[in-house]
Every structure is written in C-alpha cells, then in structure tokens.
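Shown here: input.json, JSON, C-alpha atoms and all ligand atoms.
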```json
[["chain", "number", "residue", "atom", "x", "y", "z"],
["A", 1, "MET", "CA", 183.11, 198.84, 136.31],
["A", 2, "SER", "CA", 186.06, 199.97, 138.39],
["A", 3, "MET", "CA", 185.74, 200.70, 142.05],
["A", 4, "GLY", "CA", 186.06, 204.12, 143.59],
["A", 5, "ASN", "CA", 189.04, 205.16, 145.66],
["A", 6, "TYR", "CA", 187.14, 204.61, 148.85],
["A", 7, "GLU", "CA", 186.21, 201.02, 148.07],
["A", 8, "ARG", "CA", 189.79, 200.33, 147.04],
["A", 9, "ILE", "CA", 191.24, 201.69, 150.27],
["A", 10, "ILE", "CA", 188.77, 199.63, 152.31],
["A", 11, "GLU", "CA", 189.71, 196.54, 150.35],
["A", 12, "LYS", "CA", 193.42, 197.19, 150.87],
["A", 13, "ILE", "CA", 193.01, 197.81, 154.61],
["A", 14, "SER", "CA", 190.96, 194.64, 154.88],
["A", 15, "LYS", "CA", 193.56, 192.60, 153.01],
["A", 16, "ILE", "CA", 196.47, 193.86, 155.09],
["A", 17, "SER", "CA", 194.79, 194.03, 158.51],
["A", 18, "GLY", "CA", 192.59, 190.95, 158.22],
["A", 19, "LEU", "CA", 189.59, 192.95, 159.49],
["A", 20, "GLU", "CA", 186.23, 192.50, 157.83],
["A", 21, "LYS", "CA", 185.37, 195.25, 155.35],
["A", 22, "GLU", "CA", 182.17, 195.97, 157.29],
["A", 23, "GLU", "CA", 184.14, 196.58, 160.46],
["A", 24, "ILE", "CA", 186.50, 198.95, 158.70],
["A", 25, "GLU", "CA", 183.56, 200.84, 157.25],
["A", 26, "ARG", "CA", 182.08, 201.16, 160.73],
["A", 27, "LYS", "CA", 185.38, 202.62, 161.92],
["A", 28, "VAL", "CA", 185.32, 205.04, 159.00],
["A", 29, "GLU", "CA", 181.80, 206.17, 159.82],
["A", 30, "ALA", "CA", 182.69, 206.54, 163.51],
["A", 31, "LYS", "CA", 185.69, 208.64, 162.56],
["A", 32, "ARG", "CA", 183.60, 210.83, 160.30],
["A", 33, "ALA", "CA", 180.94, 211.25, 162.98],
["A", 34, "LYS", "CA", 183.62, 212.26, 165.46],
["A", 35, "LEU", "CA", 184.86, 214.86, 163.00],
["A", 36, "SER", "CA", 181.30, 216.08, 162.35],
["A", 37, "GLY", "CA", 181.46, 214.89, 158.74],
["A", 38, "LEU", "CA", 184.22, 217.36, 157.93],
["A", 39, "ILE", "CA", 186.33, 214.66, 156.36],
["A", 40, "SER", "CA", 185.50, 212.67, 153.23],
["A", 41, "LYS", "CA", 185.00, 208.91, 153.48],
["A", 42, "GLU", "CA", 188.21, 208.45, 151.57],
["A", 43, "GLY", "CA", 190.10, 210.75, 153.94],
["A", 44, "ALA", "CA", 188.64, 208.99, 156.97],
["A", 45, "ALA", "CA", 189.66, 205.61, 155.53],
["A", 46, "GLN", "CA", 193.23, 206.84, 155.17],
["A", 47, "VAL", "CA", 193.21, 208.01, 158.79],
["A", 48, "ILE", "CA", 191.96, 204.58, 159.86],
["A", 49, "ALA", "CA", 194.72, 202.93, 157.84],
["A", 50, "ALA", "CA", 197.32, 205.10, 159.56],
["A", 51, "GLU", "CA", 195.82, 204.33, 162.99],
["A", 52, "LEU", "CA", 196.00, 200.62, 162.26],
["A", 53, "GLY", "CA", 199.68, 201.10, 161.45],
["A", 54, "ILE", "CA", 199.12, 200.26, 157.83],
["A", 55, "ASN", "CA", 201.32, 201.91, 155.36],
["A", 56, "PHE", "CA", 201.30, 200.71, 151.84],
["A", 57, "ASP", "CA", 205.12, 200.93, 151.93],
["A", 58, "ASN", "CA", 206.51, 197.68, 150.68],
["A", 59, "GLU", "CA", 203.60, 196.64, 148.64],
["A", 60, "LYS", "CA", 203.64, 196.93, 144.90],
["A", 61, "LEU", "CA", 200.44, 198.61, 143.84],
["A", 62, "LYS", "CA", 198.54, 198.48, 140.60],
["A", 63, "ILE", "CA", 198.34, 201.86, 138.93],
["A", 64, "GLU", "CA", 194.63, 202.07, 139.59],
["A", 65, "GLU", "CA", 195.36, 201.74, 143.30],
["A", 66, "LEU", "CA", 197.63, 204.77, 143.46],
["A", 67, "LEU", "CA", 195.77, 207.45, 145.36],
["A", 68, "PRO", "CA", 196.40, 211.13, 145.95],
["A", 69, "GLY", "CA", 198.46, 211.68, 149.08],
["A", 70, "MET", "CA", 200.16, 208.26, 149.11],
["A", 71, "ARG", "CA", 203.87, 208.20, 149.86],
["A", 72, "LYS", "CA", 206.56, 205.57, 149.35],
["A", 73, "VAL", "CA", 204.66, 204.14, 146.45],
["A", 74, "ASN", "CA", 205.90, 201.10, 144.53],
["A", 75, "THR", "CA", 204.51, 200.14, 141.17],
["A", 76, "LEU", "CA", 205.29, 198.61, 137.82],
["A", 77, "GLY", "CA", 204.37, 199.96, 134.42],
["A", 78, "LYS", "CA", 205.13, 199.89, 130.73],
["A", 79, "ILE", "CA", 206.19, 203.22, 129.26],
["A", 80, "LEU", "CA", 203.71, 204.65, 126.78],
["A", 81, "ASN", "CA", 205.49, 207.88, 125.99],
["A", 82, "VAL", "CA", 208.31, 210.08, 127.22],
["A", 83, "SER", "CA", 208.67, 213.85, 127.05],
["A", 84, "GLN", "CA", 211.97, 215.57, 126.40],
["A", 85, "PRO", "CA", 213.52, 216.83, 129.67],
["A", 86, "ARG", "CA", 213.00, 220.53, 130.38],
["A", 87, "VAL", "CA", 215.43, 222.81, 132.18],
["A", 88, "PHE", "CA", 214.10, 225.26, 134.74],
["A", 89, "LYS", "CA", 215.57, 227.74, 137.19],
["A", 90, "THR", "CA", 215.02, 227.14, 140.90],
["A", 91, "LYS", "CA", 214.29, 229.98, 143.32],
["A", 92, "LYS", "CA", 217.93, 229.96, 144.36],
["A", 93, "GLY", "CA", 218.93, 230.44, 140.73],
["A", 94, "ASP", "CA", 220.22, 226.90, 140.21],
["A", 95, "GLU", "CA", 219.26, 224.92, 137.18],
["A", 96, "GLY", "CA", 216.95, 221.96, 137.58],
["A", 97, "LYS", "CA", 215.52, 219.44, 135.19],
["A", 98, "VAL", "CA", 212.18, 217.78, 134.95],
["A", 99, "ALA", "CA", 210.80, 215.15, 132.60],
["A", 100, "ASN", "CA", 207.46, 213.39, 132.29],
["A", 101, "LEU", "CA", 206.46, 209.99, 131.14],
["A", 102, "PHE", "CA", 203.28, 207.97, 131.03],
["A", 103, "ILE", "CA", 203.19, 204.39, 132.21],
["A", 104, "ALA", "CA", 200.38, 201.85, 132.01],
["A", 105, "ASP", "CA", 199.52, 198.47, 133.43],
["A", 106, "ASP", "CA", 196.43, 196.34, 133.02],
["A", 107, "THR", "CA", 194.39, 198.53, 135.37],
["A", 108, "SER", "CA", 195.14, 202.12, 134.40],
["A", 109, "ASN", "CA", 197.78, 204.61, 133.34],
["A", 110, "ILE", "CA", 199.47, 207.51, 135.07],
["A", 111, "LYS", "CA", 201.78, 210.44, 134.50],
["A", 112, "VAL", "CA", 205.15, 210.05, 136.17],
["A", 113, "VAL", "CA", 207.23, 213.15, 136.84],
["A", 114, "LEU", "CA", 211.00, 212.76, 137.19],
["A", 115, "TRP", "CA", 212.98, 215.39, 139.12],
["A", 116, "ASP", "CA", 216.24, 213.56, 139.71],
["A", 117, "THR", "CA", 219.04, 214.10, 137.18],
["A", 118, "ASN", "CA", 220.12, 210.46, 137.45],
["A", 119, "HIS", "CA", 216.65, 209.32, 136.46],
["A", 120, "ILE", "CA", 216.42, 211.92, 133.72],
["A", 121, "SER", "CA", 219.74, 210.75, 132.30],
["A", 122, "LEU", "CA", 218.07, 207.38, 131.62],
["A", 123, "ILE", "CA", 215.87, 209.26, 129.17],
["A", 124, "GLU", "CA", 218.74, 211.31, 127.79],
["A", 125, "ASN", "CA", 220.88, 208.27, 127.08],
["A", 126, "GLY", "CA", 217.98, 206.42, 125.50],
["A", 127, "GLN", "CA", 217.49, 203.65, 128.06],
["A", 128, "ILE", "CA", 213.98, 204.72, 128.96],
["A", 129, "ASN", "CA", 211.82, 204.44, 125.87],
["A", 130, "PRO", "CA", 208.24, 203.68, 125.01],
["A", 131, "GLY", "CA", 207.66, 199.94, 125.39],
["A", 132, "VAL", "CA", 210.15, 199.49, 128.23],
["A", 133, "VAL", "CA", 208.79, 198.15, 131.53],
["A", 134, "VAL", "CA", 209.97, 199.99, 134.63],
["A", 135, "GLU", "CA", 209.78, 199.22, 138.30],
["A", 136, "ILE", "CA", 209.28, 202.30, 140.43],
["A", 137, "SER", "CA", 209.84, 202.49, 144.15],
["A", 138, "ASN", "CA", 209.49, 205.19, 146.75],
["A", 139, "GLY", "CA", 207.46, 207.55, 144.61],
["A", 140, "THR", "CA", 205.10, 210.17, 145.97],
["A", 141, "MET", "CA", 201.59, 210.81, 144.74],
["A", 142, "ARG", "CA", 201.04, 214.51, 144.21],
["A", 143, "ASP", "CA", 197.50, 214.92, 143.21],
["A", 144, "ASN", "CA", 197.03, 212.32, 140.48],
["A", 145, "GLU", "CA", 200.65, 212.22, 139.36],
["A", 146, "LEU", "CA", 203.45, 210.00, 140.57],
["A", 147, "HIS", "CA", 206.51, 212.11, 141.40],
["A", 148, "LEU", "CA", 210.00, 210.68, 141.71],
["A", 149, "GLY", "CA", 212.66, 212.52, 143.67],
["A", 150, "SER", "CA", 216.22, 211.64, 144.57],
["A", 151, "PHE", "CA", 215.06, 209.05, 147.13],
["A", 152, "SER", "CA", 212.95, 207.29, 144.54],
["A", 153, "GLU", "CA", 214.07, 204.57, 142.19],
["A", 154, "ILE", "CA", 213.19, 203.75, 138.62],
["A", 155, "LYS", "CA", 214.60, 200.54, 137.20],
["A", 156, "ILE", "CA", 214.21, 198.88, 133.87],
["A", 157, "THR", "CA", 212.99, 195.31, 134.22],
["A", 158, "SER", "CA", 212.59, 192.42, 131.84],
["A", 159, "GLN", "CA", 209.08, 191.73, 133.13],
["A", 160, "ASN", "CA", 206.32, 192.17, 130.61],
["A", 161, "ILE", "CA", 202.83, 193.56, 131.03],
["A", 162, "ASP", "CA", 199.96, 192.52, 128.78],
["A", 163, "ASN", "CA", 196.55, 194.07, 128.25],
["A", 164, "LEU", "CA", 197.74, 197.60, 128.85],
["A", 165, "LYS", "CA", 194.99, 199.99, 129.74],
["A", 166, "THR", "CA", 195.92, 202.96, 127.61],
["A", 167, "GLU", "CA", 192.64, 204.81, 127.26],
["A", 168, "LYS", "CA", 192.19, 208.03, 129.16],
["A", 169, "SER", "CA", 191.74, 207.23, 132.80],
["A", 170, "PHE", "CA", 189.33, 209.12, 134.97],
["A", 171, "ARG", "CA", 190.46, 209.21, 138.57],
["A", 172, "GLU", "CA", 187.91, 209.88, 141.26],
["A", 173, "LYS", "CA", 188.27, 213.26, 142.92],
["A", 174, "ASN", "CA", 186.38, 215.50, 145.29],
["A", 175, "ILE", "CA", 184.90, 218.57, 143.69],
["A", 176, "SER", "CA", 186.81, 220.79, 146.12],
["A", 177, "ASP", "CA", 190.08, 219.35, 144.75],
["A", 178, "LEU", "CA", 189.31, 219.84, 141.06],
["A", 179, "LYS", "CA", 191.79, 221.76, 138.96],
["A", 180, "ASN", "CA", 191.61, 223.10, 135.45],
["A", 181, "SER", "CA", 191.98, 220.41, 132.73],
["A", 182, "ASP", "CA", 191.65, 217.49, 135.18],
["A", 183, "ASN", "CA", 190.17, 214.37, 133.62],
["A", 184, "VAL", "CA", 188.25, 212.95, 136.51],
["A", 185, "LYS", "CA", 185.32, 211.05, 137.86],
["A", 186, "ILE", "CA", 183.16, 212.71, 140.49],
["A", 187, "ARG", "CA", 180.41, 211.15, 142.52],
["A", 188, "GLY", "CA", 177.71, 213.54, 143.50],
["A", 189, "PHE", "CA", 174.08, 214.55, 143.67],
["A", 190, "ILE", "CA", 172.31, 216.73, 141.17],
["A", 191, "VAL", "CA", 171.09, 219.67, 143.24],
["A", 192, "GLN", "CA", 169.88, 221.96, 140.48],
["A", 193, "SER", "CA", 169.05, 221.60, 136.81],
["A", 194, "PHE", "CA", 168.54, 224.33, 134.28],
["A", 195, "GLU", "CA", 166.34, 224.37, 131.23],
["A", 196, "PRO", "CA", 167.98, 222.55, 128.33],
["A", 197, "LYS", "CA", 169.32, 224.82, 125.64],
["A", 198, "PHE", "CA", 168.85, 223.97, 121.99],
["A", 199, "PHE", "CA", 171.10, 224.69, 119.07],
["A", 200, "TYR", "CA", 171.62, 223.41, 115.55],
["A", 201, "VAL", "CA", 174.62, 221.72, 113.97],
["A", 202, "CYS", "CA", 175.66, 220.81, 110.46],
["A", 203, "PRO", "CA", 175.22, 217.04, 109.91],
["A", 204, "ASN", "CA", 178.52, 216.90, 107.99],
["A", 205, "CYS", "CA", 180.98, 218.81, 110.13],
["A", 206, "LYS", "CA", 179.00, 219.04, 113.40],
["A", 207, "LYS", "CA", 179.75, 222.75, 113.66],
["A", 208, "LYS", "CA", 177.12, 225.08, 115.02],
["A", 209, "VAL", "CA", 175.02, 226.60, 112.28],
["A", 210, "ILE", "CA", 172.75, 229.61, 112.18],
["A", 211, "GLN", "CA", 169.28, 229.89, 110.82],
["A", 212, "GLU", "CA", 168.88, 232.12, 107.79],
["A", 213, "GLY", "CA", 165.23, 232.52, 107.03],
["A", 214, "ASP", "CA", 163.82, 229.10, 106.24],
["A", 215, "PHE", "CA", 167.07, 227.21, 106.09],
["A", 216, "PHE", "CA", 170.35, 226.67, 107.88],
["A", 217, "ASN", "CA", 173.68, 227.69, 106.55],
["A", 218, "CYS", "CA", 176.99, 226.03, 107.29],
["A", 219, "SER", "CA", 180.03, 228.17, 106.53],
["A", 220, "GLU", "CA", 181.65, 225.12, 104.95],
["A", 221, "HIS", "CA", 178.76, 223.08, 103.54],
["A", 222, "GLY", "CA", 176.30, 225.77, 102.57],
["A", 223, "LYS", "CA", 172.58, 225.15, 102.78],
["A", 224, "ILE", "CA", 171.99, 222.07, 104.93],
["A", 225, "ALA", "CA", 169.27, 220.25, 106.87],
["A", 226, "ALA", "CA", 170.48, 221.00, 110.37],
["A", 227, "GLU", "CA", 170.41, 218.60, 113.32],
["A", 228, "LYS", "CA", 168.83, 219.87, 116.51],
["A", 229, "ARG", "CA", 170.97, 219.37, 119.60],
["A", 230, "ALA", "CA", 170.45, 220.05, 123.27],
["A", 231, "LEU", "CA", 172.75, 220.82, 126.14],
["A", 232, "LEU", "CA", 171.98, 220.77, 129.78],
["A", 233, "ASN", "CA", 173.57, 222.46, 132.77],
["A", 234, "VAL", "CA", 173.22, 220.78, 136.14],
["A", 235, "ILE", "CA", 174.83, 221.63, 139.44],
["A", 236, "VAL", "CA", 176.47, 218.67, 141.16],
["A", 237, "ASP", "CA", 177.25, 218.53, 144.88],
["A", 238, "ASP", "CA", 179.50, 215.86, 146.41],
["A", 239, "GLY", "CA", 179.56, 217.17, 149.96],
["A", 240, "THR", "CA", 182.87, 218.96, 149.51],
["A", 241, "GLU", "CA", 181.65, 221.61, 147.09],
["A", 242, "THR", "CA", 179.38, 222.13, 144.11],
["A", 243, "ILE", "CA", 180.26, 222.52, 140.46],
["A", 244, "ARG", "CA", 178.34, 223.57, 137.38],
["A", 245, "THR", "CA", 178.39, 220.85, 134.73],
["A", 246, "VAL", "CA", 177.57, 220.74, 131.05],
["A", 247, "ALA", "CA", 176.04, 217.67, 129.46],
["A", 248, "PHE", "CA", 175.59, 217.35, 125.72],
["A", 249, "GLN", "CA", 173.02, 215.48, 123.69],
["A", 250, "ASP", "CA", 174.71, 212.06, 123.88],
["A", 251, "ASN", "CA", 174.51, 211.97, 127.66],
["A", 252, "LEU", "CA", 171.07, 213.40, 128.26],
["A", 253, "ALA", "CA", 169.23, 210.08, 128.15],
["A", 254, "ASP", "CA", 171.72, 208.52, 130.59],
["A", 255, "ILE", "CA", 171.18, 211.42, 132.97],
["A", 256, "GLY", "CA", 167.43, 210.96, 132.74],
["A", 257, "LEU", "CA", 166.13, 213.38, 130.10],
["A", 258, "THR", "CA", 164.58, 211.38, 127.29],
["A", 259, "ASN", "CA", 161.76, 213.62, 126.20],
["A", 260, "LEU", "CA", 162.96, 217.07, 125.24],
["A", 261, "GLU", "CA", 160.10, 217.92, 122.93],
["A", 262, "ASN", "CA", 157.24, 217.45, 125.35],
["A", 263, "MET", "CA", 157.29, 220.36, 127.82],
["A", 264, "GLU", "CA", 155.23, 218.71, 130.55],
["A", 265, "GLU", "CA", 157.21, 215.49, 130.43],
["A", 266, "LEU", "CA", 160.46, 217.48, 130.39],
["A", 267, "ILE", "CA", 159.45, 219.37, 133.51],
["A", 268, "LEU", "CA", 158.69, 216.08, 135.28],
["A", 269, "GLN", "CA", 161.95, 214.53, 134.16],
["A", 270, "ARG", "CA", 163.89, 217.58, 135.30],
["A", 271, "GLU", "CA", 162.25, 217.39, 138.71],
["A", 272, "ARG", "CA", 163.26, 213.74, 139.00],
["A", 273, "LEU", "CA", 166.89, 214.70, 138.43],
["A", 274, "LEU", "CA", 167.05, 216.56, 141.71],
["A", 275, "GLY", "CA", 168.74, 214.49, 144.38],
["A", 276, "LYS", "CA", 169.85, 211.86, 141.88],
["A", 277, "GLU", "CA", 173.29, 210.49, 142.69],
["A", 278, "MET", "CA", 175.56, 209.62, 139.80],
["A", 279, "PHE", "CA", 179.15, 209.21, 138.69],
["A", 280, "PHE", "CA", 180.13, 211.98, 136.31],
["A", 281, "TYR", "CA", 183.16, 211.47, 134.06],
["A", 282, "GLY", "CA", 184.68, 214.40, 132.26],
["A", 283, "ALA", "CA", 187.07, 217.29, 132.15],
["A", 284, "VAL", "CA", 187.36, 220.52, 134.10],
["A", 285, "ARG", "CA", 187.68, 223.71, 132.15],
["A", 286, "ASN", "CA", 187.36, 227.36, 132.94],
["A", 287, "ASN", "CA", 184.08, 228.94, 131.96],
["A", 288, "LYS", "CA", 185.15, 232.16, 130.27],
["A", 289, "VAL", "CA", 181.86, 233.94, 130.89],
["A", 290, "PHE", "CA", 181.72, 233.31, 134.63],
["A", 291, "ASN", "CA", 185.46, 232.77, 135.15],
["A", 292, "THR", "CA", 184.66, 229.73, 137.29],
["A", 293, "PRO", "CA", 185.51, 226.06, 136.84],
["A", 294, "GLU", "CA", 183.02, 224.06, 134.87],
["A", 295, "PHE", "CA", 182.76, 220.31, 134.39],
["A", 296, "ILE", "CA", 182.26, 219.02, 130.86],
["A", 297, "ILE", "CA", 180.50, 215.68, 131.11],
["A", 298, "GLU", "CA", 181.74, 212.93, 128.81],
["A", 299, "LYS", "CA", 179.93, 210.04, 130.42],
["A", 300, "VAL", "CA", 177.60, 209.40, 133.33],
["A", 301, "GLU", "CA", 176.94, 206.23, 135.25],
["A", 302, "GLU", "CA", 174.40, 205.21, 137.83],
["A", 303, "VAL", "CA", 175.95, 204.67, 141.24],
["A", 304, "ASN", "CA", 176.23, 200.92, 141.70],
["A", 305, "PRO", "CA", 173.11, 200.01, 143.71],
["A", 306, "ASP", "CA", 175.00, 197.24, 145.55],
["A", 307, "LEU", "CA", 177.44, 199.77, 146.95],
["A", 308, "LEU", "CA", 174.58, 201.99, 148.04],
["A", 309, "ILE", "CA", 172.97, 199.13, 149.91],
["A", 310, "MET", "CA", 176.30, 198.36, 151.57],
["A", 311, "GLU", "CA", 176.50, 201.96, 152.74],
["A", 312, "LEU", "CA", 172.93, 202.06, 153.95],
["A", 313, "GLU", "CA", 173.44, 198.88, 155.96],
["A", 314, "SER", "CA", 176.62, 200.05, 157.62],
["B", 401, "ZN", "ZN", 179.25, 221.79, 107.75]]
```
Kindly present the structure from the file in structure tokens form.
Amino acid sequence: MSMGNYERIIEKISKISGLEKEEIERKVEAKRAKLSGLISKEGAAQVIAAELGINFDNEKLKIEELLPGMRKVNTLGKILNVSQPRVFKTKKGDEGKVANLFIADDTSNIKVVLWDTNHISLIENGQINPGVVVEISNGTMRDNELHLGSFSEIKITSQNIDNLKTEKSFREKNISDLKNSDNVKIRGFIVQSFEPKFFYVCPNCKKKVIQEGDFFNCSEHGKIAAEKRALLNVIVDDGTETIRTVAFQDNLADIGLTNLENMEELILQRERLLGKEMFFYGAVRNNKVFNTPEFIIEKVEEVNPDLLIMELES
C-alpha cells in the first residue's frame, strides 16, 4: 500500500532535517492548533518544512513524491506517450504552444505539460518519443500535473527505468480541491448513507434492463435472466468539505454492506457505516441531476490501523 501525501512529506522532512518523525508530527499538530485546524495536516507539514528551511530543490524526487504546490521539482521518468503540440492564442494575441506527455517511474506516473517552444521542438523533431527516459529539472506542480516553463529543463538521458508503474494513479487530494474528471484518492469519514438502490442488468452485456411482466428484456439479447445489482450513495467528509459518492455492487462488501436482502441486518450495517474512516479511490464527475460534483468509487480501503495509532499517540 502506498503512503499518503502527508506521510511522505513527514518522511522527507525527517530525512532532510534529521528530526524524528514523531517530533515533526508534533510540530504539525502544534501548527494546526495555532491555526484553529483551518489548515490540513499536509498543508501544515509543508509550512513546517518551509520554516525548517527545507526546500526540496536539488533533490530528485520519485514521481509518487511530487505533491501539489511543489516548485523547482526534479525528477526522472520514462515517456509513456506524447500528444501532438497544440497552438493557442494568448490574451495579448500572440501565439503559444503547449504539449503534454506522460512519464512513469517505478512508483507512479504523471502528466507533464510543456509550455516552452524549445522543449516542444524536441517533440516536433522526434527526439522525445515513447520509451525515452528524460530528466526534468525546475518543474512546477500545478495541481497534480508537472508544468515546465522556460526556466525548466527536460533532457534525454541514457539511464533506464525498470518496473514502470503505468496503471492509473490515484493521487490523494482534499475534497475541497476536487475538480471534474480527477482520478484521486480521498481519505474521509462516512457521515451519511442512503438506502441502497437496486436495478437489474443483462448478464451478457451488463446493460441495465427493464422488467416486462414476468421476465427481463435486453435490447440486444432479448429475454434474459437478469442479475440484480445494488448501488449505494454515501456522503464523505474529510474536514475540508463533503462530497456525495456512488459505490457499485463490487465495492459494497468492502465498504461494509454484505447483507442487502435482510432489511434488519442492512439497517444495522448502514448504521455502522456512519463515522467509518476509509480511503476512497475513484473519479470525480458532474452529477447532471443536481449539477454538483459526485465521486464515483472504484475501490475502497480501510485506513491503515498502524497510521491511526501513530496519530492517536502523537
Ligand atoms: Zn444484453
């Protein structure tokens, strides 16, 4: 299991400053208390890092360690894919260019956005290709993307990287920072759960089917024995904001609903969800009915009990 941003920052600060992790966490808590809890633990840890004079300037970071808000970032990655440069008009009416690429290392992968024409020419003249390893310096993290401007550098190197982590990466984010189509991990408490909703799908194509008298009809497969499915809406709160989430059948047991057929048991299980803290992995989309962001759960995970104990002790 990968660590959250907060744990990673603490580890980094500890490594660079030589302070014990526990001491840094105490400083973080003191800082948060001073700010009446208005700052996230992650934010407080970054303030502590700055106060200790730590910048992550000259250090080469693994992709997983790149955090929103970091500046002067150095990293190394193998190019997975490259988009064709696009031309856009600036406010002043000048023409600008932008191009994106994805790089990966053995910890994660990230979108890199190039704004400098010299960097973009490396794509145009075919030097930057999938499979090439690049060394990046002086990049800026904007949200969960690494942006390279004219002060940044991107160099092709002969170094190789094995065991690329190419699967979709979920970066941890606060709910208040979520944007449409983000693929993220949030850590929060279930503060409300709704009654599960049931629907039926075709066992062949998994499309929703409707009941017609005694049987179900799939527009493609005709009369079928439908599979009953459930979905669940829960509201998750991480201290920054709340968001409505949608969990489908495959995740219900992991969330804690195992008995959907027995009403009494279901009511008990739903009650037990309240106040439960979990990691929720998924994507943000706009709910068309409410015109509000909604979080589609792809995976849930119990919060590592060891970390919880660490927090309780500090
Ligand atoms: Zn079907």
Checklist line | Surroundings of ligand ZN 401 (chain B) up to 8 Å, based on all atoms listed in the file, as a list of chain:residue names | finding: A:Val201, A:Cys202, A:Pro203, A:Asn204, A:Cys205, A:Lys206, A:Lys207, A:Val209, A:Cys218, A:Ser219, A:Glu220, A:His221, A:Gly222, A:Ile224
Can you pull out the residues contacting A:Gly53? Cut-off 10 Å, using all atoms listed in the file, and skip same-chain residues under 5 positions away; I want them as an mmCIF file with C-alpha atoms, in the coordinates of the input.
```
data_model
loop_
_atom_site.group_PDB
_atom_site.id
_atom_site.type_symbol
_atom_site.label_atom_id
_atom_site.label_comp_id
_atom_site.auth_asym_id
_atom_site.auth_seq_id
_atom_site.Cartn_x
_atom_site.Cartn_y
_atom_site.Cartn_z
ATOM 1 C CA SER A 17 194.790 194.030 158.510
ATOM 2 C CA VAL A 47 193.210 208.010 158.790
ATOM 3 C CA ILE A 48 191.960 204.580 159.860
#
```
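Restricting the calculation to all atoms listed in the file, the smallest distance between A:Lys165 and any of A:Asn74, A:Thr140, A:Gln211, A:Thr107 is found for A:Thr107.
When all atoms listed in the file are used to measure the gap to A:Ile123, the shortest distance among A:Gln249, A:Asn287, A:Asn100, A:Asn160 belongs to A:Asn100.
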Margin query: So, with all atoms listed in the file as the atoms that count, which of A:Glu135, A:Arg71, A:Trp115, A:Ile9 lies closest to A:Phe88?
Written below: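 Using all atoms listed in the file, A:Phe88 sits closest to A:Trp115.
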Note to self: Under the rule that all atoms listed in the file are counted, which of A:Phe295, A:Phe151, A:Phe170, A:Phe248 is the nearest residue to A:Phe199?
What the structure shows: A:Phe248
Notebook entry, point to check: Quick one, how far is atom CA of A:Lys15 from atom CA of A:Thr240?
Noted result: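 The value is 28.7 Å.
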Next item on the list: Considering all atoms listed in the file, return as a ChimeraX atom specification whatever protein or nucleic-acid residues lie within 9 Å of A:Gln269, sequence-local ones (same chain, fewer than 6 positions apart) excluded.
Entry: /A:256-259
Check: Quick one: of A:Ile235, A:Ile63, A:Leu268, A:Ile128, who's nearest to A:Asn81, counting only C-alpha atoms?
Finding: A:Ile128
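Atom pair atom CA of A:Leu66 / atom CA of A:Met141 has a distance of 7.3 Å (rounded to one decimal).
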Next item on the list: With a distance cut-off of 9 Å and only C-alpha atoms, select the neighbouring residues of A:Glu195, excluding the residue or stretch itself and same-chain residues fewer than 4 positions from it, and output the selection as a list in words.
Entry: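 The residues that qualify are Leu231, Leu232, Asn233, Ile267 and Arg270 of chain A.
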Note to self: What's around A:Ile136 at 7 Å? Count all atoms listed in the file, leave out sequence neighbours fewer than 5 positions away in its own chain, and write the answer as a list in words.
What the structure shows: Asn74, Thr75, Leu76, Glu153, Ile154 and Lys155 of chain A
